file upload.pdb (PDB, C-alpha atoms (C1' of nucleotides))
ATOM      1  CA  MET A 441      24.210  -9.610 -16.505
ATOM      2  CA  PRO A 442      23.545  -7.104 -19.210
ATOM      3  CA  GLU A 443      20.386  -7.763 -21.180
ATOM      4  CA  LEU A 444      18.507  -5.358 -23.425
ATOM      5  CA  PRO A 445      17.731  -2.666 -20.793
ATOM      6  CA  GLU A 446      21.295  -2.653 -19.518
ATOM      7  CA  VAL A 447      22.833  -2.609 -23.002
ATOM      8  CA  GLU A 448      20.447   0.170 -24.030
ATOM      9  CA  THR A 449      21.463   2.154 -20.943
ATOM     10  CA  VAL A 450      25.069   1.794 -22.074
ATOM     11  CA  ARG A 451      24.154   2.769 -25.636
ATOM     12  CA  LEU A 452      22.364   5.903 -24.448
ATOM     13  CA  GLY A 453      25.355   6.847 -22.329
ATOM     14  CA  LEU A 454      27.745   6.322 -25.208
ATOM     15  CA  ALA A 455      25.541   8.186 -27.680
ATOM     16  CA  LYS A 456      25.439  11.140 -25.325
ATOM     17  CA  SER A 457      29.171  11.270 -24.704
ATOM     18  CA  ILE A 458      31.240   9.924 -27.599
ATOM     19  CA  VAL A 459      29.550  11.005 -30.842
ATOM     20  CA  GLY A 460      31.883  13.361 -32.682
ATOM     21  CA  GLN A 461      34.971  12.073 -30.883
ATOM     22  CA  VAL A 462      37.870  10.792 -32.976
ATOM     23  CA  PHE A 463      39.675   7.564 -32.135
ATOM     24  CA  LYS A 464      43.352   7.781 -31.338
ATOM     25  CA  VAL A 465      45.315   4.499 -31.387
ATOM     26  CA  PRO A 466      43.430   1.883 -29.318
ATOM     27  CA  ARG A 467      45.377  -0.571 -27.177
ATOM     28  CA  LEU A 468      44.463  -4.206 -26.692
ATOM     29  CA  LEU A 469      45.470  -5.133 -23.146
ATOM     30  CA  HIS A 470      44.082  -8.670 -23.039
ATOM     31  CA  PRO A 471      43.864 -11.010 -26.042
ATOM     32  CA  ARG A 472      40.371 -12.140 -25.096
ATOM     33  CA  GLY A 473      39.091  -8.598 -25.336
ATOM     34  CA  LEU A 474      39.090  -8.912 -29.118
ATOM     35  CA  ASN A 475      36.710 -11.250 -30.935
ATOM     36  CA  PRO A 476      38.818 -13.658 -33.046
ATOM     37  CA  LYS A 477      36.462 -12.928 -35.934
ATOM     38  CA  SER A 478      37.531  -9.300 -35.974
ATOM     39  CA  GLU A 479      38.429  -8.404 -39.533
ATOM     40  CA  VAL A 480      41.071  -5.861 -38.627
ATOM     41  CA  PRO A 481      43.143  -4.979 -35.552
ATOM     42  CA  VAL A 482      41.732  -2.383 -33.175
ATOM     43  CA  ALA A 483      44.476   0.006 -34.255
ATOM     44  CA  ALA A 484      42.677   0.394 -37.591
ATOM     45  CA  LEU A 485      40.207   2.678 -35.830
ATOM     46  CA  ALA A 486      42.807   5.387 -35.354
ATOM     47  CA  GLY A 487      41.653   8.591 -37.007
ATOM     48  CA  ALA A 488      38.042   7.501 -37.463
ATOM     49  CA  GLN A 489      35.351   9.827 -36.183
ATOM     50  CA  ILE A 490      32.374   8.407 -34.290
ATOM     51  CA  SER A 491      29.083   9.183 -35.989
ATOM     52  CA  SER A 492      26.501   7.105 -34.084
ATOM     53  CA  VAL A 493      25.962   4.299 -31.597
ATOM     54  CA  HIS A 494      23.599   1.415 -32.339
ATOM     55  CA  ARG A 495      22.151  -1.622 -30.648
ATOM     56  CA  ARG A 496      20.307  -4.753 -31.668
ATOM     57  CA  GLY A 497      19.348  -7.089 -28.842
ATOM     58  CA  LYS A 498      22.423  -7.279 -26.632
ATOM     59  CA  PHE A 499      24.873  -6.287 -29.376
ATOM     60  CA  LEU A 500      26.254  -2.774 -29.636
ATOM     61  CA  TRP A 501      28.126  -1.056 -32.407
ATOM     62  CA  ILE A 502      29.822   2.273 -32.736
ATOM     63  CA  GLN A 503      29.662   3.536 -36.305
ATOM     64  CA  THR A 504      32.415   5.732 -37.668
ATOM     65  CA  ASN A 505      32.443   7.873 -40.773
ATOM     66  CA  GLU A 506      35.318   5.753 -42.110
ATOM     67  CA  GLN A 507      33.129   2.752 -42.991
ATOM     68  CA  LEU A 508      34.499   0.983 -39.939
ATOM     69  CA  ALA A 509      32.431  -0.056 -36.949
ATOM     70  CA  LEU A 510      33.447  -1.116 -33.483
ATOM     71  CA  VAL A 511      31.093  -3.972 -32.580
ATOM     72  CA  ALA A 512      30.781  -5.158 -28.991
ATOM     73  CA  HIS A 513      29.021  -7.713 -26.858
ATOM     74  CA  LEU A 514      29.160  -7.246 -23.090
ATOM     75  CA  GLY A 515      28.812 -10.951 -22.290
ATOM     76  CA  MET A 516      28.413 -11.422 -18.552
ATOM     77  CA  SER A 517      30.393  -8.544 -17.190
ATOM     78  CA  GLY A 518      31.537  -6.266 -19.990
ATOM     79  CA  GLN A 519      31.455  -2.506 -19.423
ATOM     80  CA  PHE A 520      32.182   0.605 -21.412
ATOM     81  CA  ARG A 521      33.468   3.324 -19.121
ATOM     82  CA  ILE A 522      34.389   6.926 -19.764
ATOM     83  CA  SER A 523      37.478   8.059 -17.915
ATOM     84  CA  GLN A 524      40.053  10.804 -17.851
ATOM     85  CA  PRO A 525      43.449   9.921 -19.333
ATOM     86  CA  GLU A 526      45.191  10.409 -15.998
ATOM     87  CA  ALA A 527      42.810   8.067 -14.134
ATOM     88  CA  HIS A 528      44.223   4.818 -12.777
ATOM     89  CA  ILE A 529      44.002   1.731 -14.979
ATOM     90  CA  HIS A 530      41.116  -0.521 -14.000
ATOM     91  CA  LYS A 531      42.146  -4.040 -12.994
ATOM     92  CA  HIS A 532      39.962  -5.629 -15.674
ATOM     93  CA  LEU A 533      40.576  -3.159 -18.475
ATOM     94  CA  ARG A 534      40.739  -5.214 -21.698
ATOM     95  CA  VAL A 535      40.811  -2.573 -24.423
ATOM     96  CA  LEU A 536      41.623   1.100 -24.088
ATOM     97  CA  PHE A 537      40.246   3.565 -26.626
ATOM     98  CA  PRO A 538      41.826   6.995 -26.274
ATOM     99  CA  LEU A 539      39.475   9.527 -27.902
ATOM    100  CA  SER A 540      39.966  13.209 -28.730
ATOM    101  CA  ASP A 541      38.930  14.479 -25.295
ATOM    102  CA  PHE A 542      38.907  11.490 -22.903
ATOM    103  CA  HIS A 543      39.334   7.742 -22.685
ATOM    104  CA  LEU A 544      36.809   5.028 -23.387
ATOM    105  CA  GLY A 545      37.622   1.701 -21.724
ATOM    106  CA  PHE A 546      36.264  -1.776 -22.314
ATOM    107  CA  ILE A 547      36.401  -3.507 -18.943
ATOM    108  CA  ASP A 548      35.420  -7.139 -18.439
ATOM    109  CA  GLN A 549      36.043  -9.252 -15.373
ATOM    110  CA  ARG A 550      34.835 -12.585 -16.754
ATOM    111  CA  THR A 551      36.031 -12.023 -20.314
ATOM    112  CA  PHE A 552      32.913 -13.382 -21.990
ATOM    113  CA  GLY A 553      32.509 -10.040 -23.664
ATOM    114  CA  TRP A 554      34.444  -8.797 -26.674
ATOM    115  CA  VAL A 555      34.919  -6.031 -29.160
ATOM    116  CA  SER A 556      35.524  -6.400 -32.866
ATOM    117  CA  VAL A 557      36.374  -4.052 -35.708
ATOM    118  CA  GLY A 558      34.980  -4.541 -39.168
ATOM    119  CA  GLN A 559      33.736  -2.919 -42.314
ATOM    120  CA  ALA A 560      30.328  -1.373 -41.905
ATOM    121  CA  HIS A 561      28.562   1.180 -43.964
ATOM    122  CA  GLY A 562      26.341   3.611 -42.120
ATOM    123  CA  GLY A 563      22.823   2.289 -41.678
ATOM    124  CA  GLN A 564      23.850  -1.319 -42.167
ATOM    125  CA  VAL A 565      24.048  -3.988 -39.537
ATOM    126  CA  PRO A 566      27.606  -5.344 -39.090
ATOM    127  CA  ASP A 567      28.253  -8.964 -40.098
ATOM    128  CA  LEU A 568      28.659 -10.116 -36.512
ATOM    129  CA  VAL A 569      25.134  -8.938 -35.738
ATOM    130  CA  SER A 570      23.329  -9.919 -38.920
ATOM    131  CA  HIS A 571      22.103 -13.271 -37.606
ATOM    132  CA  ILE A 572      20.450 -11.657 -34.575
ATOM    133  CA  ALA A 573      16.676 -11.201 -34.714
ATOM    134  CA  LEU A 574      15.067  -7.808 -34.202
ATOM    135  CA  ASP A 575      14.403  -6.903 -30.590
ATOM    136  CA  PRO A 576      11.024  -5.606 -29.362
ATOM    137  CA  PHE A 577      12.345  -2.041 -29.201
ATOM    138  CA  ASP A 578      13.175  -2.049 -32.912
ATOM    139  CA  PRO A 579      10.728   0.055 -34.962
ATOM    140  CA  ASN A 580      10.535  -2.811 -37.464
ATOM    141  CA  PHE A 581       9.767  -5.463 -34.851
ATOM    142  CA  ALA A 582       6.703  -7.376 -36.077
ATOM    143  CA  PRO A 583       4.944  -9.027 -33.118
ATOM    144  CA  LYS A 584       2.531 -11.058 -35.264
ATOM    145  CA  GLU A 585       5.396 -12.619 -37.205
ATOM    146  CA  VAL A 586       7.292 -13.434 -34.040
ATOM    147  CA  VAL A 587       4.190 -14.963 -32.452
ATOM    148  CA  LYS A 588       3.898 -17.179 -35.523
ATOM    149  CA  ARG A 589       7.505 -18.282 -35.308
ATOM    150  CA  ILE A 590       7.227 -18.996 -31.611
ATOM    151  CA  ARG A 591       4.057 -21.052 -31.972
ATOM    152  CA  ALA A 592       5.602 -23.069 -34.788
ATOM    153  CA  SER A 593       8.078 -24.536 -32.316
ATOM    154  CA  ASN A 594       7.789 -27.548 -30.050
ATOM    155  CA  ARG A 595      10.466 -26.250 -27.726
ATOM    156  CA  GLU A 596       9.813 -24.936 -24.238
ATOM    157  CA  ILE A 597       8.778 -21.286 -24.164
ATOM    158  CA  LYS A 598      11.661 -20.086 -22.010
ATOM    159  CA  LYS A 599      14.239 -21.541 -24.396
ATOM    160  CA  ILE A 600      12.578 -19.634 -27.217
ATOM    161  CA  LEU A 601      12.611 -16.363 -25.297
ATOM    162  CA  LEU A 602      16.351 -16.850 -24.876
ATOM    163  CA  ASP A 603      16.902 -17.701 -28.554
ATOM    164  CA  GLN A 604      18.429 -14.545 -29.999
ATOM    165  CA  ALA A 605      17.651 -15.682 -33.537
ATOM    166  CA  ILE A 606      13.896 -15.545 -32.827
ATOM    167  CA  ILE A 607      13.604 -12.515 -30.556
ATOM    168  CA  SER A 608      16.667 -10.711 -29.258
ATOM    169  CA  GLY A 609      17.508  -8.818 -26.116
ATOM    170  CA  ILE A 610      15.914 -11.123 -23.551
ATOM    171  CA  GLY A 611      18.250 -12.921 -21.148
ATOM    172  CA  ASN A 612      17.729 -15.057 -18.083
ATOM    173  CA  ILE A 613      16.428 -12.329 -15.781
ATOM    174  CA  TYR A 614      13.812 -10.815 -18.079
ATOM    175  CA  ALA A 615      12.752 -14.226 -19.413
ATOM    176  CA  ASP A 616      11.841 -15.319 -15.886
ATOM    177  CA  GLU A 617      10.193 -11.991 -15.096
ATOM    178  CA  SER A 618       8.145 -11.966 -18.335
ATOM    179  CA  LEU A 619       6.916 -15.524 -17.823
ATOM    180  CA  TRP A 620       5.895 -14.696 -14.262
ATOM    181  CA  LEU A 621       3.988 -11.612 -15.423
ATOM    182  CA  ALA A 622       2.228 -13.685 -18.095
ATOM    183  CA  GLN A 623       1.542 -16.529 -15.649
ATOM    184  CA  ILE A 624       3.146 -19.049 -17.961
ATOM    185  CA  ASN A 625       5.222 -21.981 -16.773
ATOM    186  CA  PRO A 626       8.707 -21.719 -18.329
ATOM    187  CA  GLN A 627       8.568 -25.332 -19.521
ATOM    188  CA  THR A 628       5.328 -24.974 -21.450
ATOM    189  CA  ILE A 629       5.708 -26.137 -25.037
ATOM    190  CA  ALA A 630       5.375 -23.074 -27.240
ATOM    191  CA  SER A 631       2.986 -24.633 -29.744
ATOM    192  CA  ALA A 632       0.538 -25.344 -26.911
ATOM    193  CA  LEU A 633       0.119 -21.634 -26.161
ATOM    194  CA  SER A 634      -2.644 -19.647 -27.851
ATOM    195  CA  PRO A 635      -1.645 -16.779 -30.147
ATOM    196  CA  LYS A 636      -3.207 -14.391 -27.650
ATOM    197  CA  LYS A 637      -1.109 -15.723 -24.790
ATOM    198  CA  VAL A 638       2.114 -15.464 -26.778
ATOM    199  CA  GLU A 639       1.224 -11.975 -27.931
ATOM    200  CA  ARG A 640       0.586 -10.964 -24.334
ATOM    201  CA  LEU A 641       3.867 -12.540 -23.253
ATOM    202  CA  LEU A 642       5.788 -10.486 -25.822
ATOM    203  CA  SER A 643       3.978  -7.365 -24.757
ATOM    204  CA  LEU A 644       4.795  -8.006 -21.085
ATOM    205  CA  ALA A 645       8.427  -8.756 -21.929
ATOM    206  CA  THR A 646       8.620  -5.422 -23.707
ATOM    207  CA  GLN A 647       6.963  -3.635 -20.814
ATOM    208  CA  VAL A 648       9.202  -5.121 -18.140
ATOM    209  CA  MET A 649      12.307  -4.257 -20.145
ATOM    210  CA  ALA A 650      11.038  -0.716 -20.675
ATOM    211  CA  SER A 651      10.446  -0.353 -16.932
ATOM    212  CA  ALA A 652      13.934  -1.617 -16.222
ATOM    213  CA  LEU A 653      15.416   0.750 -18.795
ATOM    214  CA  ALA A 654      13.632   3.661 -17.151
ATOM    215  CA  VAL A 655      15.633   3.094 -13.961
ATOM    216  CA  GLY A 656      18.941   2.267 -15.616
ATOM    217  CA  GLY A 657      18.633  -1.535 -15.676
ATOM    218  CA  THR A 658      19.289  -4.247 -13.099
ATOM    219  CA  SER A 659      22.526  -4.220 -11.076
ATOM    220  CA  PHE A 660      23.249  -7.013  -8.617
ATOM    221  CA  ASP A 661      26.821  -5.949  -8.058
ATOM    222  CA  GLU A 662      29.597  -3.973  -9.657
ATOM    223  CA  LEU A 663      29.507  -6.131 -12.782
ATOM    224  CA  TYR A 664      26.860  -4.023 -14.430
ATOM    225  CA  VAL A 665      27.146  -0.245 -14.349
ATOM    226  CA  ASN A 666      26.609   2.483 -16.937
ATOM    227  CA  VAL A 667      29.327   4.420 -18.781
ATOM    228  CA  ASN A 668      29.797   6.633 -15.724
ATOM    229  CA  GLY A 669      30.078   3.726 -13.299
ATOM    230  CA  GLU A 670      26.565   4.085 -11.877
ATOM    231  CA  SER A 671      24.242   1.173 -10.979
ATOM    232  CA  GLY A 672      20.661   0.606 -12.150
ATOM    233  CA  TYR A 673      17.779   0.256  -9.750
ATOM    234  CA  PHE A 674      15.501  -2.422 -11.203
ATOM    235  CA  GLU A 675      16.742  -5.147  -8.884
ATOM    236  CA  ARG A 676      14.238  -4.020  -6.260
ATOM    237  CA  SER A 677      11.377  -4.484  -8.735
ATOM    238  CA  LEU A 678      12.112  -8.099  -9.641
ATOM    239  CA  ASN A 679       9.284 -10.497  -8.801
ATOM    240  CA  VAL A 680      10.916 -13.911  -9.170
ATOM    241  CA  TYR A 681      14.529 -13.688 -10.320
ATOM    242  CA  GLY A 682      16.891 -14.338  -7.425
ATOM    243  CA  ARG A 683      13.968 -14.766  -5.030
ATOM    244  CA  GLU A 684      13.989 -18.517  -4.456
ATOM    245  CA  GLY A 685      11.994 -19.502  -1.358
ATOM    246  CA  GLN A 686      10.428 -16.082  -0.969
ATOM    247  CA  PRO A 687       6.662 -15.612  -1.308
ATOM    248  CA  CYS A 688       5.254 -14.968  -4.764
ATOM    249  CA  PRO A 689       4.108 -11.325  -4.875
ATOM    250  CA  ARG A 690       0.909 -12.465  -6.597
ATOM    251  CA  CYS A 691      -0.219 -15.603  -4.766
ATOM    252  CA  SER A 692       2.217 -15.883  -1.842
ATOM    253  CA  GLY A 693       3.287 -19.380  -2.907
ATOM    254  CA  PRO A 694       7.030 -20.028  -2.613
ATOM    255  CA  ILE A 695       9.211 -19.099  -5.582
ATOM    256  CA  SER A 696      10.964 -22.167  -7.004
ATOM    257  CA  ARG A 697      14.360 -22.319  -8.624
ATOM    258  CA  ILE A 698      15.126 -25.155 -10.997
ATOM    259  CA  ALA A 699      18.022 -25.939 -13.312
ATOM    260  CA  PHE A 700      16.695 -25.602 -16.837
ATOM    261  CA  ALA A 701      18.088 -24.539 -20.189
ATOM    262  CA  ASN A 702      21.580 -24.652 -18.675
ATOM    263  CA  ARG A 703      20.852 -21.962 -16.141
ATOM    264  CA  SER A 704      18.641 -21.320 -13.172
ATOM    265  CA  THR A 705      14.976 -20.657 -13.732
ATOM    266  CA  HIS A 706      12.793 -18.908 -11.175
ATOM    267  CA  TYR A 707       9.033 -19.261 -11.202
ATOM    268  CA  CYS A 708       5.969 -19.691  -9.055
ATOM    269  CA  PHE A 709       4.729 -23.255  -9.097
ATOM    270  CA  SER A 710       1.250 -22.247  -7.945
ATOM    271  CA  CYS A 711       0.348 -19.439 -10.305
ATOM    272  CA  GLN A 712       2.422 -20.134 -13.428
ATOM    273  CA  LYS A 713       0.614 -23.056 -15.008
TER     274      LYS A 713
ATOM    275  C1'  DC B 887      15.439 -28.812 -37.110
ATOM    276  C1'  DT B 888      16.368 -30.175 -32.423
ATOM    277  C1'  DG B 889      18.708 -31.077 -28.197
ATOM    278  C1'  DT B 890      22.862 -31.848 -25.347
ATOM    279  C1'  DG B 891      26.996 -30.804 -23.461
ATOM    280  C1'  DG B 892      31.306 -28.519 -23.565
ATOM    281  C1'  DT B 893      33.915 -24.132 -23.731
ATOM    282  C1'  DC B 894      35.471 -19.671 -22.556
ATOM    283  C1'  DC B 895      36.476 -16.989 -17.308
ATOM    284  C1'  DT B 896      37.032 -15.071 -12.461
ATOM    285  C1'  DG B 897      35.115 -13.490  -8.138
ATOM    286  C1'  DT B 898      32.089 -14.815  -4.538
ATOM    287  C1'  DA B 899      29.740 -18.019  -1.675
ATOM    288  C1'  DT B 900      29.344 -22.310   0.430
ATOM    289  C1'  DG B 901      30.971 -26.848   2.469
ATOM    290  C1'  DC B 902      34.009 -29.512   5.110
TER     291       DC B 902
ATOM    292  C1'  DT C 503      41.366 -20.356   9.027
ATOM    293  C1'  DG C 504      42.091 -22.572   4.642
ATOM    294  C1'  DC C 505      41.338 -25.180   0.943
ATOM    295  C1'  DA C 506      38.240 -27.215  -2.558
ATOM    296  C1'  DT C 507      34.251 -27.033  -4.998
ATOM    297  C1'  DA C 508      29.990 -24.960  -6.837
ATOM    298  C1'  DC C 509      27.940 -21.318  -9.047
ATOM    299  C1'  DA C 510      26.868 -17.219 -11.924
ATOM    300  C1'  DG C 511      25.923 -17.514 -17.256
ATOM    301  C1'  DG C 512      25.723 -15.461 -23.215
ATOM    302  C1'  DA C 513      26.862 -17.169 -27.272
ATOM    303  C1'  DC C 514      28.698 -20.498 -30.075
ATOM    304  C1'  DC C 515      30.248 -24.991 -31.579
ATOM    305  C1'  DA C 516      30.639 -29.978 -32.348
ATOM    306  C1'  DC C 517      28.063 -33.800 -32.414
ATOM    307  C1'  DA C 518      24.057 -36.995 -32.209
TER     308       DA C 518
END

call {"tool": "encode", "arguments": {"input": "upload.pdb", "output": "structure tokens"}}
result
Amino acid sequence: MPELPEVETVRLGLAKSIVGQVFKVPRLLHPRGLNPKSEVPVAALAGAQISSVHRRGKFLWIQTNEQLALVAHLGMSGQFRISQPEAHIHKHLRVLFPLSDFHLGFIDQRTFGWVSVGQAHGGQVPDLVSHIALDPFDPNFAPKEVVKRIRASNREIKKILLDQAIISGIGNIYADESLWLAQINPQTIASALSPKKVERLLSLATQVMASALAVGGTSFDELYVNVNGESGYFERSLNVYGREGQPCPRCSGPISRIAFANRSTHYCFSCQK
DNA sequence: CTGTGGTCCTGTATGC
DNA sequence: TGCATACAGGACCACA
């Protein structure tokens, strides 16, 4: 499941390989590959040259010098992959973007991901991303402000970490990992946490995502790989996620898994109070 | 402002 | 072995 470190790994790979390339005529191979909110068909990209690749939270966008941007969300299983034109067509290829020198493919087994094409002036955030809060890697991220917003809520802390309108980029894996590192129970009401604790939680969330980014993200299977098809290695560093029943690396108590916030939540009952 | 539940989807794992 | 069901879940929406 791509979260900030995985999406950033993809962004870095794209930035390295596709800047300067010019779009030929893209082909939509599956209707669900295109966000219904897309302002224009993918074919409108033809002739546009790629100037930069951006990310906010889990959203990506490829800026062109034609005031058009290709926005994308990877959902559960979306991938951007570089390939040679003669390569075989991937089973789950949803949108094909032939570029000047090679092909860029949007592949997505579970089709929760999408791409979209819309007007975007360089340096501006596309409409589809404008409601998303800054992520902790953004130079303008203001921890004090976010701490304030978090503590103003009576919702459980994990739900807030997953709320992309408050802080973006964190998904189920890194929410569980951050809360374990901070020794906070996922169901703690946010307003009951001290400013210091919340500040520390944000700092740990940032750190764990940076560590994951450094090794290319977390891959459980073939559903998350980088633009060259390679896996990340952070899975081996996870402390609680996917480790139900195993001993807590800190206190040796068993890791619990509960259904919460519409997904599974992993935590240590003994040392996350 | 909240929370809840439904929706999209397919491959894998489990249960009988 | 084979079929049915559960599960994985990010974002968004309708509705209370």

call {"tool": "residues_near_point", "arguments": {"input": "upload.pdb", "point": "(30.1, -15.9, -8.5)", "cutoff": "9 Å", "atoms": "all atoms listed in the file", "output": "number ranges by chain"}}
result
B: 896-899; C: 509-510

call {"tool": "interface_residues", "arguments": {"input": "upload.pdb", "of": "chain C", "to": "chain A", "cutoff": "9 Å", "atoms": "all atoms listed in the file", "output": "list of chain:residue names"}}
result
C:DA510, C:DG511, C:DG512, C:DA513

call {"tool": "resolve_selection", "arguments": {"input": "upload.pdb", "expression": "the PyMOL selection byres ((chain A) within 12 of (chain B))", "output": "compact mmCIF listing (two decimals) with C-alpha atoms, in the frame of the given file"}}
result
# COMPACT_ATOMS: atom_id res chain seq x y z
CA ARG A 472 40.37 -12.14 -25.10
CA GLY A 473 39.09 -8.60 -25.34
CA ASN A 475 36.71 -11.25 -30.94
CA GLY A 515 28.81 -10.95 -22.29
CA MET A 516 28.41 -11.42 -18.55
CA SER A 517 30.39 -8.54 -17.19
CA HIS A 532 39.96 -5.63 -15.67
CA ASP A 548 35.42 -7.14 -18.44
CA GLN A 549 36.04 -9.25 -15.37
CA ARG A 550 34.84 -12.58 -16.75
CA THR A 551 36.03 -12.02 -20.31
CA PHE A 552 32.91 -13.38 -21.99
CA GLY A 553 32.51 -10.04 -23.66
CA TRP A 554 34.44 -8.80 -26.67
CA ALA A 592 5.60 -23.07 -34.79
CA SER A 593 8.08 -24.54 -32.32
CA ASN A 594 7.79 -27.55 -30.05
CA ARG A 595 10.47 -26.25 -27.73
CA GLU A 596 9.81 -24.94 -24.24
CA LYS A 599 14.24 -21.54 -24.40
CA ASP A 661 26.82 -5.95 -8.06
CA GLU A 662 29.60 -3.97 -9.66
CA LEU A 663 29.51 -6.13 -12.78
CA ALA A 701 18.09 -24.54 -20.19
CA ASN A 702 21.58 -24.65 -18.68

call {"tool": "atom_distance", "arguments": {"input": "upload.pdb", "atom1": "atom CA of A:Thr449", "atom2": "atom CA of A:His530"}}
result
21.0 Å

call {"tool": "atom_distance", "arguments": {"input": "upload.pdb", "atom1": "atom CA of A:His561", "atom2": "atom CA of A:Gln461"}}
result
18.2 Å

call {"tool": "residues_around", "arguments": {"input": "upload.pdb", "residues": "stretch 639-655 of chain A", "least_positions_apart": "4", "cutoff": "7 Å", "atoms": "all atoms listed in the file", "output": "PyMOL selection string"}}
result
chain A and resi 445-446+449+576+587+614+618-619+621-622+635+672-674

call {"tool": "write_last_selection", "arguments": {"input": "upload.pdb", "atoms": "C-alpha atoms", "output": "PDB file, in the frame of the given file"}}
result
ATOM      1  CA  PRO A 445      17.731  -2.666 -20.793  1.00  0.00           C
ATOM      2  CA  GLU A 446      21.295  -2.653 -19.518  1.00  0.00           C
ATOM      3  CA  THR A 449      21.463   2.154 -20.943  1.00  0.00           C
ATOM      4  CA  PRO A 576      11.024  -5.606 -29.362  1.00  0.00           C
ATOM      5  CA  VAL A 587       4.190 -14.963 -32.452  1.00  0.00           C
ATOM      6  CA  TYR A 614      13.812 -10.815 -18.079  1.00  0.00           C
ATOM      7  CA  SER A 618       8.145 -11.966 -18.335  1.00  0.00           C
ATOM      8  CA  LEU A 619       6.916 -15.524 -17.823  1.00  0.00           C
ATOM      9  CA  LEU A 621       3.988 -11.612 -15.423  1.00  0.00           C
ATOM     10  CA  ALA A 622       2.228 -13.685 -18.095  1.00  0.00           C
ATOM     11  CA  PRO A 635      -1.645 -16.779 -30.147  1.00  0.00           C
ATOM     12  CA  GLY A 672      20.661   0.606 -12.150  1.00  0.00           C
ATOM     13  CA  TYR A 673      17.779   0.256  -9.750  1.00  0.00           C
ATOM     14  CA  PHE A 674      15.501  -2.422 -11.203  1.00  0.00           C
TER      15      PHE A 674
END

call {"tool": "atom_distance", "arguments": {"input": "upload.pdb", "atom1": "atom CA of A:Gly497", "atom2": "atom CA of A:Cys711"}}
result
29.3 Å

call {"tool": "residues_around", "arguments": {"input": "upload.pdb", "residues": "A:Cys691", "least_positions_apart": "4", "cutoff": "12 Å", "atoms": "all atoms listed in the file", "output": "ChimeraX atom specification"}}
result
/A:620,623,679,686-687,695,707-712

call {"tool": "write_last_selection", "arguments": {"input": "upload.pdb", "atoms": "C-alpha atoms", "output": "PDB file, keeping the file's coordinate frame"}}
result
ATOM      1  CA  TRP A 620       5.895 -14.696 -14.262  1.00  0.00           C
ATOM      2  CA  GLN A 623       1.542 -16.529 -15.649  1.00  0.00           C
ATOM      3  CA  ASN A 679       9.284 -10.497  -8.801  1.00  0.00           C
ATOM      4  CA  GLN A 686      10.428 -16.082  -0.969  1.00  0.00           C
ATOM      5  CA  PRO A 687       6.662 -15.612  -1.308  1.00  0.00           C
ATOM      6  CA  ILE A 695       9.211 -19.099  -5.582  1.00  0.00           C
ATOM      7  CA  TYR A 707       9.033 -19.261 -11.202  1.00  0.00           C
ATOM      8  CA  CYS A 708       5.969 -19.691  -9.055  1.00  0.00           C
ATOM      9  CA  PHE A 709       4.729 -23.255  -9.097  1.00  0.00           C
ATOM     10  CA  SER A 710       1.250 -22.247  -7.945  1.00  0.00           C
ATOM     11  CA  CYS A 711       0.348 -19.439 -10.305  1.00  0.00           C
ATOM     12  CA  GLN A 712       2.422 -20.134 -13.428  1.00  0.00           C
TER      13      GLN A 712
END

call {"tool": "axis_aligned_box", "arguments": {"input": "upload.pdb", "around": "stretch 508-515 of chain C", "padding_each_side": "8 Å", "output": "lines of an AutoDock Vina configuration file"}}
result
center_x = 28.0
center_y = -20.2
center_z = -19.2
size_x = 20.5
size_y = 25.5
size_z = 40.7

call {"tool": "closest_residue", "arguments": {"input": "upload.pdb", "among": "A:Leu508, A:Arg496, A:Pro476, A:Val482", "to": "A:Gly609", "atoms": "all atoms listed in the file"}}
result
A:Arg496
